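What follows is a single structure, written as structure tokens, with notes after it.
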Amino acid sequence: MSLRKTLISGFGNELLGDDGFGVEVARRLAACKLPPHIQTIDVGIAGLHFVLELMDGFDAVIVVDAMKGGQPPGTLYVFTPCAAEGNLLSQDGIDPHVAEPAQALKLARALGLLPADVTVVGCEPASCRLGMPLSVWASAAVDRAVQTIQAMVVGERPNRAWNLPGVAPRTESLPESEDGGLIPDL
């Protein structure tokens with residue numbers, strides 16, 4: 001069995017309540033004993049850092065962030081973006097000062113750094129107010145996300161969505177990242 005070099009990247013702003021979901025998941029995973037071919041980074045709001053990390057060459061990427069999908073707070077979304085829903089091959093609108101996942105993914109794709117295997121793990125936020133900690137719903141979702149991602153990196157990859165307790169299947173509408181940008185399909 002070949003080991004797939006995987007980058008797990010936690011996006012978000014921990015100063016804005018549940019927007020810190022991705023950052024907390026990345027921190028918890030970094031503290032776990034993961035195989036050496038799995039790397040975790042706390043991207044925070046520095047999407048360009050994510051793009052620069054991809055220069056090391058990865059077989060798979062897992063993006064973790066808060067995102068609005070219309071479900072109850074704490075709902076996990078796990079999905080694999082598809083090319084039909086968005087055109088990341090276009091270089092139109094690429095901001096070199098990327099902060100949010102959609103722009104970071106778009107830039108990585110345009111630069112030829114993005115692997116074909118991309119999975120998004122998101123959490124429906126309850127509140128993203130300045131100075132607030134993670135809500136009880138997002139905190140509980142962090143634990144579920146960590147378990148889900150650990151299972152993913154040991155070979156139990158989701159197809160389009162997982163049917164796990166507390167994990168919403170992917171719907172027709174694409175969830176938005178908490179900062180308002182759509183999580184793009186690749």
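Identifiers in the structure tokens: chain A, B, ... in order shown; residue index from 1 per chain; ligand index from 1 in order shown.
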
### Query
Neighbours of A:Leu34 within 10 Å (only C-alpha atoms; same-chain residues fewer than 4 positions away dropped), as JSON, numbers by chain?
{"A": [29, 30, 38, 39, 40, 150, 153, 154]}

#### Entry: Non-local contacts of stretch 55-68 of chain A (6 Å; only C-alpha atoms; under 5 positions in same chain excluded) as a PyMOL selection string
chain A and resi 4-11+19+21-22+115+117-124+175-178

### Task
Quick one: everything within 6 Å of stretch 129-144 of chain A, counting only C-alpha atoms, minus sequence neighbours fewer than 2 positions away in the same chain. Send it as a ChimeraX atom specification.
/A:15-18,25,73-74,127,146-147

### Message
as an MDAnalysis selection string, please: every residue in stretch 99-158 of chain A that DSSP puts in alpha helix (DSSP H).
### Response
chainID A and resid 101:110 136:153

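You can rank A:Leu3, A:Ile45, A:Cys128, A:Met152 by their closest distance to A:Phe79 using only C-alpha atoms, and at the top of that list sits A:Met152.
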
### Query
Quick one, how far is atom CA of A:Pro35 from atom CA of A:His49?
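Going from atom CA of A:Pro35 over to atom CA of A:His49, I get 22.3 Å.
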
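Note that atom CA of A:Gly47 and atom CA of A:Pro81 are 18.0 Å apart.
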
### Task
To one decimal in Å, tell me the separation between atom CA of A:Val23 and atom CA of A:Ala116.
23.3 Å

Write out as a PDB file with N, CA and C atoms, in the first residue's frame all residues of stretch 45-90 of chain A that DSSP puts in strand (DSSP E or B) for this structure's backbone.
ATOM      1  N   ALA A  60      -3.015  14.539  -1.454  1.00  0.00           N
ATOM      2  CA  ALA A  60      -4.380  14.830  -1.018  1.00  0.00           C
ATOM      3  C   ALA A  60      -4.362  16.030  -0.078  1.00  0.00           C
ATOM      4  N   VAL A  61      -5.488  16.737  -0.051  1.00  0.00           N
ATOM      5  CA  VAL A  61      -5.668  17.892   0.825  1.00  0.00           C
ATOM      6  C   VAL A  61      -7.014  17.766   1.510  1.00  0.00           C
ATOM      7  N   ILE A  62      -7.025  18.063   2.810  1.00  0.00           N
ATOM      8  CA  ILE A  62      -8.274  18.154   3.560  1.00  0.00           C
ATOM      9  C   ILE A  62      -8.352  19.581   4.096  1.00  0.00           C
ATOM     10  N   VAL A  63      -9.368  20.317   3.677  1.00  0.00           N
ATOM     11  CA  VAL A  63      -9.584  21.699   4.098  1.00  0.00           C
ATOM     12  C   VAL A  63     -10.655  21.696   5.178  1.00  0.00           C
ATOM     13  N   VAL A  64     -10.359  22.330   6.320  1.00  0.00           N
ATOM     14  CA  VAL A  64     -11.290  22.370   7.447  1.00  0.00           C
ATOM     15  C   VAL A  64     -11.634  23.827   7.730  1.00  0.00           C
ATOM     16  N   ASP A  65     -12.945  24.140   7.802  1.00  0.00           N
ATOM     17  CA  ASP A  65     -13.372  25.525   7.999  1.00  0.00           C
ATOM     18  C   ASP A  65     -14.817  25.552   8.480  1.00  0.00           C
ATOM     19  N   ALA A  66     -15.206  26.690   9.064  1.00  0.00           N
ATOM     20  CA  ALA A  66     -16.619  26.930   9.366  1.00  0.00           C
ATOM     21  C   ALA A  66     -17.296  27.311   8.051  1.00  0.00           C
ATOM     22  N   MET A  67     -18.528  26.840   7.840  1.00  0.00           N
ATOM     23  CA  MET A  67     -19.244  27.182   6.617  1.00  0.00           C
ATOM     24  C   MET A  67     -20.740  27.107   6.837  1.00  0.00           C
ATOM     25  N   LYS A  68     -21.431  28.000   6.164  1.00  0.00           N
ATOM     26  CA  LYS A  68     -22.882  28.038   6.263  1.00  0.00           C
ATOM     27  C   LYS A  68     -23.495  27.138   5.210  1.00  0.00           C
ATOM     28  N   LEU A  76     -21.718  18.847  10.795  1.00  0.00           N
ATOM     29  CA  LEU A  76     -20.502  18.671   9.995  1.00  0.00           C
ATOM     30  C   LEU A  76     -20.884  18.433   8.547  1.00  0.00           C
ATOM     31  N   TYR A  77     -20.110  19.022   7.655  1.00  0.00           N
ATOM     32  CA  TYR A  77     -20.229  18.779   6.223  1.00  0.00           C
ATOM     33  C   TYR A  77     -18.928  18.120   5.782  1.00  0.00           C
ATOM     34  N   VAL A  78     -19.023  17.017   5.092  1.00  0.00           N
ATOM     35  CA  VAL A  78     -17.851  16.347   4.538  1.00  0.00           C
ATOM     36  C   VAL A  78     -18.163  16.058   3.088  1.00  0.00           C
ATOM     37  N   PHE A  79     -17.385  16.678   2.194  1.00  0.00           N
ATOM     38  CA  PHE A  79     -17.651  16.454   0.780  1.00  0.00           C
ATOM     39  C   PHE A  79     -16.387  16.650  -0.042  1.00  0.00           C
TER      40      PHE A  79
END

### Message
Considering only C-alpha atoms, can you say which of A:Glu100, A:Ile41, A:Leu48, A:Gly70 comes closest to A:Gly12?
### Response
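Using only C-alpha atoms, A:Gly12 sits closest to A:Glu100.
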